[in-house]
>>> print(open('model-v3.cif').read())   # mmCIF, C-alpha atoms and all ligand atoms
data_query
loop_
_atom_site.label_atom_id
_atom_site.label_comp_id
_atom_site.auth_asym_id
_atom_site.auth_seq_id
_atom_site.Cartn_x
_atom_site.Cartn_y
_atom_site.Cartn_z
CA MET A 200 15.92 9.42 19.63
CA MET A 201 15.43 13.14 20.15
CA GLN A 202 17.56 14.72 22.91
CA ASP A 203 16.18 17.60 24.95
CA ARG A 204 18.79 19.89 23.38
CA GLN A 205 17.59 18.93 19.91
CA ILE A 206 13.95 19.50 20.87
CA ASN A 207 14.83 22.95 22.20
CA GLU A 208 16.78 23.73 19.01
CA ARG A 209 13.85 22.62 16.88
CA ASN A 210 11.34 24.58 18.92
CA GLN A 211 13.66 27.60 18.57
CA ASP A 212 13.67 27.02 14.80
CA LEU A 213 9.89 26.84 14.73
CA SER A 214 9.44 29.93 16.92
CA ASN A 215 11.66 32.05 14.66
CA GLY A 216 9.85 30.67 11.63
CA SER A 217 12.85 28.96 10.06
CA ASN A 218 11.82 25.33 10.07
CA SER A 219 15.16 24.10 8.70
CA SER A 220 14.84 20.91 10.73
CA ILE A 221 12.01 18.40 10.62
CA LEU A 222 10.81 15.30 12.47
CA SER A 223 11.33 11.90 10.88
CA ALA A 224 10.83 8.34 12.11
CA ARG A 225 13.85 6.32 11.01
CA ILE A 226 15.31 2.83 11.11
CA HIS A 227 18.74 2.98 12.74
CA GLU A 228 19.04 -0.71 13.55
CA TYR A 229 17.03 -3.68 12.30
CA GLN A 230 14.50 -5.21 14.69
CA LYS A 231 14.48 -2.10 16.85
CA PRO A 232 11.74 0.56 17.22
CA LEU A 233 11.98 3.49 14.83
CA SER A 234 13.78 6.49 16.23
CA ILE A 235 11.96 9.84 16.14
CA ASP A 236 14.77 12.04 14.86
CA ILE A 237 15.26 15.70 14.09
CA THR A 238 16.65 15.77 10.58
CA PRO A 239 17.48 18.54 8.13
CA LYS A 240 14.53 19.64 6.00
CA PRO A 241 15.12 18.28 2.46
CA THR A 242 16.05 20.90 -0.15
CA ILE A 243 15.46 20.88 -3.90
CA SER A 244 18.66 20.44 -5.89
CA THR A 245 17.48 19.55 -9.40
CA GLY A 246 14.78 21.08 -11.57
CA GLU A 247 12.21 18.25 -11.69
CA GLN A 248 12.11 17.71 -7.94
CA VAL A 249 9.14 18.63 -5.78
CA LEU A 250 9.25 19.09 -2.01
CA VAL A 251 6.02 17.75 -0.47
CA LYS A 252 4.83 18.47 3.08
CA VAL A 253 3.58 15.08 4.22
CA ALA A 254 -0.11 15.02 5.17
CA ALA A 255 -0.26 11.26 5.74
CA ALA A 256 1.72 8.08 5.10
CA GLY A 257 0.17 4.60 5.22
CA LEU A 258 1.79 1.79 7.20
CA CYS A 259 2.41 -1.21 4.95
CA HIS A 260 3.32 -4.79 5.98
CA SER A 261 6.35 -4.37 3.75
CA ASP A 262 7.60 -1.78 6.23
CA LEU A 263 7.54 -4.49 8.92
CA HIS A 264 9.77 -6.70 6.74
CA LEU A 265 12.07 -3.74 6.10
CA ILE A 266 12.29 -2.85 9.81
CA ASN A 267 12.86 -6.52 10.73
CA GLY A 268 15.71 -6.73 8.24
CA ASP A 269 13.91 -9.61 6.45
CA TRP A 270 14.68 -8.06 3.07
CA LYS A 271 18.17 -6.69 3.66
CA GLU A 272 19.57 -8.98 0.95
CA ILE A 273 16.84 -8.39 -1.64
CA ILE A 274 16.27 -4.67 -0.93
CA PRO A 275 19.57 -3.42 0.52
CA ILE A 276 19.21 -0.07 2.29
CA LYS A 277 21.66 2.34 3.94
CA LEU A 278 20.66 3.15 7.52
CA PRO A 279 19.33 5.33 8.96
CA LEU A 280 16.32 5.45 6.64
CA ALA A 281 12.81 6.85 7.03
CA PRO A 282 10.36 4.23 5.65
CA GLY A 283 6.98 5.12 4.14
CA HIS A 284 6.01 4.52 0.50
CA GLU A 285 2.29 5.31 0.75
CA VAL A 286 2.21 9.08 0.87
CA ALA A 287 -0.01 12.10 0.25
CA GLY A 288 0.74 15.73 1.05
CA TRP A 289 0.87 19.31 -0.10
CA VAL A 290 3.26 20.86 -2.61
CA GLU A 291 5.71 22.98 -0.60
CA GLU A 292 8.23 23.86 -3.31
CA LEU A 293 8.62 23.16 -7.05
CA GLY A 294 11.91 22.69 -8.89
CA ASN A 295 12.55 25.27 -11.59
CA SER A 296 11.97 22.86 -14.50
CA VAL A 297 8.59 21.58 -13.36
CA PRO A 298 6.29 22.51 -16.28
CA LYS A 299 4.17 25.52 -15.39
CA GLY A 300 0.47 25.11 -14.71
CA ILE A 301 0.48 21.49 -13.54
CA PHE A 302 1.07 22.11 -9.82
CA ASP A 303 0.78 25.10 -7.53
CA ILE A 304 2.24 25.55 -4.08
CA GLY A 305 -0.28 24.15 -1.60
CA ASP A 306 -1.88 21.64 -3.99
CA LEU A 307 -2.79 18.30 -2.42
CA VAL A 308 -0.94 15.51 -4.24
CA ALA A 309 -0.85 11.73 -4.15
CA VAL A 310 2.73 10.45 -4.36
CA PHE A 311 2.97 7.53 -6.78
CA GLY A 312 5.65 5.44 -5.05
CA GLY A 313 6.93 3.40 -8.00
CA TRP A 314 9.81 5.77 -8.63
CA GLY A 315 11.38 4.42 -11.84
CA CYS A 316 14.18 5.49 -14.14
CA GLY A 317 11.75 6.47 -16.90
CA ILE A 318 13.86 4.91 -19.65
CA CYS A 319 13.87 1.12 -19.18
CA PHE A 320 11.38 -1.18 -20.97
CA TYR A 321 9.04 -1.40 -17.97
CA CYS A 322 9.02 2.36 -17.34
CA LYS A 323 8.39 3.04 -21.03
CA ASN A 324 5.64 0.42 -20.86
CA GLY A 325 3.94 2.53 -18.17
CA ASP A 326 4.77 0.11 -15.32
CA GLU A 327 7.37 2.18 -13.43
CA GLN A 328 6.79 0.09 -10.30
CA LEU A 329 8.53 -2.72 -12.22
CA CYS A 330 11.55 -0.58 -13.13
CA ILE A 331 14.88 -2.42 -13.37
CA ASN A 332 16.51 0.36 -11.29
CA PRO A 333 13.80 1.40 -8.83
CA THR A 334 14.38 4.06 -6.18
CA TRP A 335 11.20 3.56 -4.16
CA PRO A 336 10.72 6.05 -1.31
CA GLY A 337 11.42 4.58 2.12
CA LEU A 338 12.20 1.22 0.52
CA SER A 339 15.50 2.02 -1.13
CA SER A 340 18.57 3.68 0.32
CA SER A 341 18.55 6.70 -1.90
CA HIS A 342 15.27 8.20 -0.73
CA ASP A 343 13.75 8.72 2.71
CA GLY A 344 10.05 7.95 2.70
CA GLY A 345 6.91 9.49 4.14
CA TYR A 346 7.34 8.82 7.88
CA SER A 347 8.56 12.35 8.07
CA GLU A 348 7.23 15.91 7.95
CA TYR A 349 8.53 16.31 4.41
CA ILE A 350 9.40 14.08 1.48
CA LEU A 351 11.57 15.07 -1.47
CA VAL A 352 10.04 13.61 -4.64
CA PRO A 353 12.63 13.20 -7.43
CA SER A 354 10.21 14.21 -10.18
CA TYR A 355 6.83 15.88 -10.58
CA ARG A 356 6.06 12.86 -12.83
CA PHE A 357 5.46 10.86 -9.64
CA LEU A 358 2.68 13.15 -8.38
CA ILE A 359 -1.06 13.19 -9.03
CA ASN A 360 -2.74 16.52 -8.34
CA VAL A 361 -5.87 16.21 -6.21
CA LYS A 362 -6.28 19.90 -5.52
CA ASP A 363 -10.04 19.53 -5.97
CA HIS A 364 -10.16 17.15 -3.00
CA GLN A 365 -12.58 19.30 -0.97
CA LYS A 366 -15.07 19.17 -3.82
CA TYR A 367 -14.87 15.37 -3.71
CA ASN A 368 -14.50 15.11 0.05
CA ILE A 369 -11.37 12.91 -0.05
CA LYS A 370 -9.42 12.97 3.22
CA THR A 371 -5.61 13.17 3.11
CA GLU A 372 -5.29 9.90 5.03
CA GLU A 373 -7.54 8.17 2.47
CA LEU A 374 -5.51 9.57 -0.40
CA ALA A 375 -2.31 8.25 1.17
CA ALA A 376 -3.80 4.78 1.68
CA LEU A 377 -4.90 4.68 -1.97
CA THR A 378 -1.31 4.95 -3.18
CA ASP A 379 -0.48 1.44 -1.98
CA ALA A 380 -3.24 -0.35 -0.03
CA GLY A 381 -5.76 0.91 -2.58
CA LEU A 382 -3.54 0.58 -5.64
CA THR A 383 -2.13 -2.93 -5.13
CA PRO A 384 -5.44 -4.87 -5.17
CA TYR A 385 -6.75 -2.54 -7.89
CA ARG A 386 -4.05 -3.66 -10.37
CA ALA A 387 -4.47 -7.32 -9.37
CA ILE A 388 -8.26 -7.45 -9.72
CA LYS A 389 -8.22 -5.42 -12.91
CA LYS A 390 -5.91 -8.13 -14.35
CA ILE A 391 -8.50 -10.92 -13.75
CA ARG A 392 -11.74 -9.00 -14.28
CA HIS A 393 -12.35 -10.85 -17.56
CA LEU A 394 -12.77 -14.06 -15.57
CA LEU A 395 -15.66 -12.70 -13.52
CA GLU A 396 -19.34 -12.85 -14.50
CA PRO A 397 -22.65 -13.83 -12.92
CA GLY A 398 -22.29 -17.32 -11.39
CA THR A 399 -18.55 -17.05 -10.82
CA ASN A 400 -16.94 -16.75 -7.40
CA VAL A 401 -13.98 -14.69 -6.23
CA ALA A 402 -12.37 -15.02 -2.78
CA ILE A 403 -10.33 -12.31 -1.07
CA VAL A 404 -7.93 -13.69 1.57
CA GLY A 405 -7.02 -11.13 4.23
CA ALA A 406 -10.26 -9.35 3.36
CA GLY A 407 -10.31 -7.08 6.44
CA GLY A 408 -6.78 -5.81 6.14
CA GLY A 409 -5.36 -2.78 4.35
CA LEU A 410 -5.27 -4.34 0.88
CA GLY A 411 -8.18 -6.73 1.39
CA SER A 412 -10.67 -4.03 2.44
CA TYR A 413 -10.14 -2.39 -0.96
CA GLY A 414 -9.91 -5.77 -2.73
CA ILE A 415 -13.45 -6.70 -1.63
CA GLN A 416 -14.76 -3.49 -3.16
CA TYR A 417 -12.89 -3.89 -6.45
CA ALA A 418 -14.13 -7.47 -6.70
CA LYS A 419 -17.69 -6.10 -6.47
CA ILE A 420 -16.94 -3.27 -8.91
CA PHE A 421 -15.16 -5.40 -11.53
CA GLY A 422 -17.00 -8.61 -10.60
CA ALA A 423 -19.97 -8.21 -12.98
CA GLY A 424 -22.30 -9.98 -10.60
CA SER A 425 -19.86 -12.62 -9.33
CA ASN A 426 -20.06 -13.73 -5.69
CA VAL A 427 -17.40 -12.22 -3.41
CA ILE A 428 -16.20 -14.39 -0.53
CA ALA A 429 -14.21 -12.72 2.26
CA ILE A 430 -11.75 -14.86 4.21
CA ASP A 431 -9.89 -13.58 7.28
CA VAL A 432 -8.96 -14.68 10.78
CA ASN A 433 -10.98 -12.42 13.05
CA ASP A 434 -14.57 -11.33 13.22
CA THR A 435 -13.79 -7.60 13.41
CA LYS A 436 -12.00 -7.78 10.06
CA LEU A 437 -14.78 -9.91 8.58
CA GLU A 438 -17.42 -7.44 9.77
CA LEU A 439 -15.48 -4.75 7.89
CA ALA A 440 -15.36 -6.96 4.78
CA GLU A 441 -19.12 -7.51 5.01
CA ARG A 442 -19.72 -3.77 5.37
CA PHE A 443 -17.54 -3.25 2.30
CA GLY A 444 -19.66 -5.60 0.18
CA ALA A 445 -18.64 -9.25 0.74
CA ASP A 446 -21.44 -11.70 -0.06
CA TYR A 447 -20.04 -14.43 2.18
CA ILE A 448 -17.55 -14.34 5.09
CA ILE A 449 -15.39 -17.18 6.38
CA ASN A 450 -13.35 -17.04 9.60
CA ALA A 451 -10.32 -19.19 8.71
CA LYS A 452 -9.28 -19.36 12.36
CA ILE A 453 -12.60 -20.77 13.63
CA GLN A 454 -13.98 -22.59 10.59
CA GLN A 455 -11.20 -25.08 9.97
CA ASN A 456 -12.48 -26.74 6.79
CA ILE A 457 -12.48 -23.72 4.46
CA ARG A 458 -12.67 -25.92 1.35
CA ARG A 459 -15.85 -27.61 2.53
CA ILE A 460 -17.48 -24.24 3.25
CA VAL A 461 -16.40 -22.81 -0.11
CA LEU A 462 -17.71 -25.89 -1.96
CA GLN A 463 -21.06 -25.41 -0.18
CA ILE A 464 -21.13 -21.73 -1.21
CA THR A 465 -20.10 -22.43 -4.81
CA GLY A 466 -22.28 -25.46 -5.50
CA GLY A 467 -19.31 -27.80 -5.42
CA LYS A 468 -17.20 -25.86 -7.97
CA GLY A 469 -14.70 -23.87 -5.87
CA VAL A 470 -13.71 -20.29 -6.67
CA ASN A 471 -12.68 -19.05 -10.11
CA VAL A 472 -10.24 -16.57 -8.58
CA VAL A 473 -8.64 -16.16 -5.14
CA VAL A 474 -6.71 -12.98 -4.34
CA ASP A 475 -4.26 -13.63 -1.49
CA CYS A 476 -3.55 -10.28 0.22
CA VAL A 477 -1.49 -11.97 2.96
CA GLY A 478 0.94 -14.39 1.32
CA THR A 479 1.93 -16.83 4.04
CA GLU A 480 2.47 -20.49 3.17
CA GLU A 481 -0.72 -21.25 5.11
CA THR A 482 -2.87 -18.74 3.23
CA ILE A 483 -1.38 -19.90 -0.08
CA ARG A 484 -2.13 -23.54 0.78
CA ASN A 485 -5.71 -22.61 1.78
CA SER A 486 -6.10 -20.49 -1.35
CA VAL A 487 -5.00 -23.31 -3.65
CA GLY A 488 -7.34 -25.63 -1.80
CA ILE A 489 -10.46 -23.60 -2.72
CA LEU A 490 -9.73 -23.11 -6.43
CA SER A 491 -12.14 -24.46 -9.03
CA LYS A 492 -10.89 -26.31 -12.14
CA GLY A 493 -9.06 -23.63 -14.15
CA GLY A 494 -8.95 -21.47 -11.03
CA VAL A 495 -6.52 -18.57 -10.73
CA LEU A 496 -4.45 -17.73 -7.64
CA VAL A 497 -3.52 -14.03 -7.58
CA MET A 498 -0.66 -13.23 -5.20
CA ILE A 499 -0.27 -9.68 -3.85
CA GLY A 500 0.52 -10.34 -0.17
CA LEU A 501 4.23 -10.47 0.62
CA PHE A 502 4.39 -12.09 4.04
CA GLY A 503 7.02 -14.54 2.75
CA GLY A 504 7.91 -18.19 2.09
CA GLN A 505 7.16 -20.23 -1.02
CA ILE A 506 4.20 -20.73 -3.35
CA ASN A 507 3.69 -24.46 -2.93
CA MET A 508 1.31 -26.17 -5.28
CA PRO A 509 0.96 -29.97 -5.64
CA LEU A 510 2.05 -30.52 -9.25
CA ILE A 511 -0.36 -33.26 -10.32
CA SER A 512 -3.51 -31.55 -9.04
CA ALA A 513 -2.26 -28.19 -10.39
CA VAL A 514 -1.90 -29.63 -13.90
CA ILE A 515 -5.00 -31.82 -13.82
CA ASN A 516 -7.03 -28.76 -12.76
CA GLU A 517 -5.11 -26.29 -14.93
CA TYR A 518 -4.60 -23.90 -12.03
CA GLN A 519 -2.92 -20.57 -12.81
CA VAL A 520 -0.82 -18.29 -10.59
CA ILE A 521 -0.62 -14.55 -11.25
CA CYS A 522 1.70 -12.39 -9.15
CA SER A 523 1.05 -8.67 -9.14
CA LEU A 524 3.23 -5.88 -7.71
CA TRP A 525 1.79 -2.59 -6.47
CA GLY A 526 0.34 -0.69 -9.44
CA ASN A 527 1.23 1.86 -12.10
CA TYR A 528 0.63 5.58 -12.28
CA ASN A 529 -2.53 5.37 -14.38
CA GLU A 530 -4.00 2.62 -12.19
CA LEU A 531 -3.47 4.93 -9.21
CA ARG A 532 -5.24 7.70 -11.11
CA GLU A 533 -8.17 5.34 -11.70
CA ALA A 534 -8.36 4.29 -8.05
CA ILE A 535 -8.39 7.96 -7.04
CA GLU A 536 -11.25 8.58 -9.48
CA LEU A 537 -13.24 5.85 -7.72
CA ALA A 538 -12.60 7.56 -4.38
CA LYS A 539 -13.42 11.01 -5.76
CA HIS A 540 -16.86 9.76 -6.79
CA GLN A 541 -17.42 7.93 -3.48
CA LYS A 542 -17.44 4.53 -5.26
CA ILE A 543 -15.12 3.05 -2.62
CA LYS A 544 -14.97 3.30 1.17
CA HIS A 545 -11.92 3.49 3.42
CA SER A 546 -11.10 2.05 6.82
CA ILE A 547 -8.33 4.23 8.23
CA HIS A 548 -6.74 4.37 11.71
CA SER A 549 -4.59 7.48 12.13
CA PHE A 550 -1.55 7.71 14.42
CA PRO A 551 0.67 10.76 15.08
CA LEU A 552 4.28 10.37 13.87
CA THR A 553 5.46 10.20 17.48
CA GLU A 554 3.29 7.10 18.02
CA ILE A 555 4.50 5.21 14.93
CA ASN A 556 6.00 2.40 17.01
CA LYS A 557 2.58 1.83 18.60
CA ALA A 558 1.06 1.55 15.13
CA ILE A 559 3.79 -0.86 14.05
CA ASP A 560 3.24 -3.06 17.11
CA SER A 561 -0.50 -3.12 16.45
CA LEU A 562 -0.01 -4.06 12.78
CA ARG A 563 2.56 -6.71 13.73
CA ALA A 564 0.10 -8.22 16.25
CA GLY A 565 -2.55 -8.51 13.51
CA ASN A 566 -4.85 -6.11 15.34
CA MET A 567 -5.26 -3.65 12.50
CA GLU A 568 -8.39 -3.86 10.41
CA GLY A 569 -8.22 -1.50 7.45
CA ARG A 570 -5.10 0.65 7.14
CA ALA A 571 -2.97 2.41 9.75
CA VAL A 572 -1.90 5.86 8.55
CA ILE A 573 0.77 8.04 10.10
CA VAL A 574 -0.04 11.76 10.31
CA PRO A 575 3.14 13.81 10.99
C1 LIG B 1 7.18 -4.10 -1.41
C2 LIG B 1 8.48 -4.26 -1.81
C3 LIG B 1 8.93 -3.64 -2.96
C4 LIG B 1 8.07 -2.84 -3.68
C5 LIG B 1 6.77 -2.67 -3.28
C6 LIG B 1 6.33 -3.31 -2.15
C7 LIG B 1 4.91 -3.18 -1.70
O1 LIG B 1 4.78 -2.95 -0.36
C8 LIG B 1 4.21 -2.11 -2.42
O2 LIG B 1 2.88 -2.20 -2.01
ZN ZN B 2 3.53 -1.46 0.45
ZN ZN B 3 12.93 2.05 -15.34
#
>>> encode(input="model-v3.cif", output="structure tokens")
Amino acid sequence: MMQDRQINERNQDLSNGSNSSILSARIHEYQKPLSIDITPKPTISTGEQVLVKVAAAGLCHSDLHLINGDWKEIIPIKLPLAPGHEVAGWVEELGNSVPKGIFDIGDLVAVFGGWGCGICFYCKNGDEQLCINPTWPGLSSSHDGGYSEYILVPSYRFLINVKDHQKYNIKTEELAALTDAGLTPYRAIKKIRHLLEPGTNVAIVGAGGGLGSYGIQYAKIFGAGSNVIAIDVNDTKLELAERFGADYIINAKIQQNIRRIVLQITGGKGVNVVVDCVGTEETIRNSVGILSKGGVLVMIGLFGGQINMPLISAVINEYQVICSLWGNYNELREAIELAKHQKIKHSIHSFPLTEINKAIDSLRAGNMEGRAVIVP
């Protein structure tokens, strides 16, 4: 945590114009609040790198798992680490081998967070978020993320220029949220759009959360007239889902027999697709329980546990399970195009960097409808 001496030093830096130190919110110890630290401002060391002044960084449930230490075996990190993989900001400095004419100092950029090696099968296939050697910002030990005043991006290839943002009236917090909360359901629903047509039904579980509030909208956009059913556990989130286009809303906390309600809505068939943006064993069980024959469960929520599916009924009904991780660079570009042309809405709650632990507590308590975004 910042000491008075450090604050004075930093203020001295700022007053004489040499901001060589910056503020970052970092994990020092699992299961403890983030520490607001004064850290050295990152510097460019190789030609492709870009230094970005962070405008906003979205708070993802994955950050809660990281901070809790839930993933320390599967995603080992070296502490201290600044989390934050959902970032937008302004170009502060360009490495000397960034091709000319693509970015200018001061441009607003979305940071695609799937930092891949560029050479493996998945990167060459355009899915860098699936890279076999990922170095995701704020999720891997080699790169601090966006809960900081600056982020060092290893290559300009991970940036999308949105310098015309004023023309399209995109806010920096919205752009940040699109890079993960907006991108993750986009990829997932684009994968199953061929299953949707008039008379079909698609359910979004966790419909009032960060991912779900975008998922509802994509289900309407890609749904070709299908019915969109929003499922969540509080009325505030369901009101948001309704505002964002849901045709039906179900409060899973109050209305216990979700299957009965869904069968009433769907004329006894069940839903063709359910997108689970939460991913607890309870939501997975409920999701499987509302599938129609041939129904598809799409998993994007990462709360944890197992995907349990009774074998006999799964086979007799030919259920399918599709898991989808984040999204790729071009899918992010597409989601940004939707935002540019006001085809999607955003529900954003901004917090200053110094109040990040308040935002984390609110997200952890399930009190966050839409997306919390940290503004350094
Ligand atoms: C979690 C873990 C690893 C990669 C990506 C994620 C998601 O939060 C990205 O949305
Ligand atoms: Zn995330
Ligand atoms: Zn790769």
>>> residues_near_ligand(input="model-v3.cif", ligand="ligand ZN 3 (chain B)", cutoff="8 Å", atoms="only C-alpha atoms and all ligand atoms", output="list in words")
Gly315, Cys316, Gly317, Ile318, Cys319, Phe320, Tyr321, Cys322, Lys323, Glu327, Leu329, Cys330, Ile331, Asn332 and Pro333 of chain A
>>> residues_around(input="model-v3.cif", residues="region 552-555 of chain A", least_positions_apart="3", cutoff="6 Å", atoms="all atoms listed in the file", output="list of chain:residue names")
A:Ala558, A:Ile573, A:Val574, A:Pro575
>>> residues_near_ligand(input="model-v3.cif", ligand="ligand ZN 2 (chain B)", cutoff="10 Å", atoms="only C-alpha atoms and all ligand atoms", output="number ranges by chain")
A: 257-263, 283-285, 312, 338, 376, 378-380, 382-383, 409-410, 500-501, 524-525
>>> residues_around(input="model-v3.cif", residues="His545 (chain A)", least_positions_apart="6", cutoff="9 Å", atoms="all atoms listed in the file", output="PyMOL selection string")
chain A and resi 373+376-377+381+412-413+443+538+569-570
>>> residues_around(input="model-v3.cif", residues="Gly407 (chain A)", least_positions_apart="2", cutoff="12 Å", atoms="only C-alpha atoms", output="ChimeraX atom specification")
/A:380,403-405,409-416,428-445,448-450,475-477,545-547,565-570
>>> residues_around(input="model-v3.cif", residues="Asn507 (chain A)", least_positions_apart="5", cutoff="12 Å", atoms="only C-alpha atoms", output="VMD selection string")
chain A and resid 478 to 488 496 512 to 513 520
>>> residues_around(input="model-v3.cif", residues="Ser223 (chain A)", least_positions_apart="4", cutoff="10 Å", atoms="all atoms listed in the file", output="list in words")
Leu233, Ser234, Ile235, Asp236, Ile237, Thr238, Pro239, Lys240, Leu280, Ala281, Pro282, Asp343, Gly344, Gly345, Tyr346, Ser347, Glu348, Tyr349, Ile350, Leu552, Thr553 and Pro575 of chain A
>>> atom_distance(input="model-v3.cif", atom1="CA of Ser523 (chain A)", atom2="CA of Pro384 (chain A)")
8.5 Å
>>> residues_near_point(input="model-v3.cif", point="(3.6, 9.4, -4.7)", cutoff="6 Å", atoms="all atoms listed in the file", output="PyMOL selection string")
chain A and resi 286+309-312+357-358
>>> closest_residue(input="model-v3.cif", among="A:Ser425, A:Asn516, A:Gln463, A:Asn527", to="ligand LIG 1 (chain B)", atoms="all atoms listed in the file")
A:Asn527
>>> residues_near_point(input="model-v3.cif", point="(9.8, 13.6, -3.9)", cutoff="8 Å", atoms="only C-alpha atoms", output="PyMOL selection string")
chain A and resi 248-251+310+350-355+357
>>> build_atoms(input="model-v3.cif", residues="region 322-336 of chain A", atoms="N, CA, C and O atoms", output="compact mmCIF listing (two decimals), in the coordinates of the input")
# COMPACT_ATOMS: atom_id res chain seq x y z
N CYS A 322 9.46 0.96 -17.53
CA CYS A 322 9.02 2.36 -17.34
C CYS A 322 8.35 2.86 -18.61
O CYS A 322 7.27 3.45 -18.57
N LYS A 323 8.97 2.60 -19.76
CA LYS A 323 8.39 3.04 -21.03
C LYS A 323 7.07 2.34 -21.31
O LYS A 323 6.20 2.84 -22.01
N ASN A 324 6.89 1.16 -20.69
CA ASN A 324 5.64 0.42 -20.86
C ASN A 324 4.55 0.94 -19.93
O ASN A 324 3.44 0.47 -19.92
N GLY A 325 4.92 1.93 -19.08
CA GLY A 325 3.94 2.53 -18.17
C GLY A 325 3.89 1.85 -16.82
O GLY A 325 3.10 2.21 -15.96
N ASP A 326 4.75 0.82 -16.61
CA ASP A 326 4.77 0.11 -15.32
C ASP A 326 6.04 0.46 -14.55
O ASP A 326 6.92 -0.37 -14.33
N GLU A 327 6.13 1.73 -14.09
CA GLU A 327 7.37 2.18 -13.43
C GLU A 327 7.63 1.43 -12.13
O GLU A 327 8.75 1.36 -11.65
N GLN A 328 6.55 0.86 -11.54
CA GLN A 328 6.79 0.09 -10.30
C GLN A 328 7.59 -1.17 -10.58
O GLN A 328 8.06 -1.84 -9.65
N LEU A 329 7.73 -1.54 -11.87
CA LEU A 329 8.53 -2.72 -12.22
C LEU A 329 9.92 -2.33 -12.74
O LEU A 329 10.64 -3.18 -13.25
N CYS A 330 10.28 -1.08 -12.59
CA CYS A 330 11.55 -0.58 -13.13
C CYS A 330 12.75 -1.45 -12.75
O CYS A 330 12.79 -2.00 -11.63
N ILE A 331 13.71 -1.57 -13.67
CA ILE A 331 14.88 -2.42 -13.37
C ILE A 331 15.83 -1.71 -12.41
O ILE A 331 16.69 -2.31 -11.82
N ASN A 332 15.67 -0.39 -12.25
CA ASN A 332 16.51 0.36 -11.29
C ASN A 332 15.62 1.23 -10.41
O ASN A 332 15.73 2.45 -10.44
N PRO A 333 14.76 0.60 -9.61
CA PRO A 333 13.80 1.40 -8.83
C PRO A 333 14.47 2.18 -7.72
O PRO A 333 15.51 1.76 -7.20
N THR A 334 13.89 3.31 -7.36
CA THR A 334 14.38 4.06 -6.18
C THR A 334 13.15 4.41 -5.33
O THR A 334 12.85 5.57 -5.11
N TRP A 335 12.44 3.35 -4.90
CA TRP A 335 11.20 3.56 -4.16
C TRP A 335 11.45 4.34 -2.87
O TRP A 335 12.43 4.07 -2.14
N PRO A 336 10.54 5.27 -2.53
CA PRO A 336 10.72 6.05 -1.31
C PRO A 336 10.59 5.16 -0.07
O PRO A 336 9.69 4.33 0.00
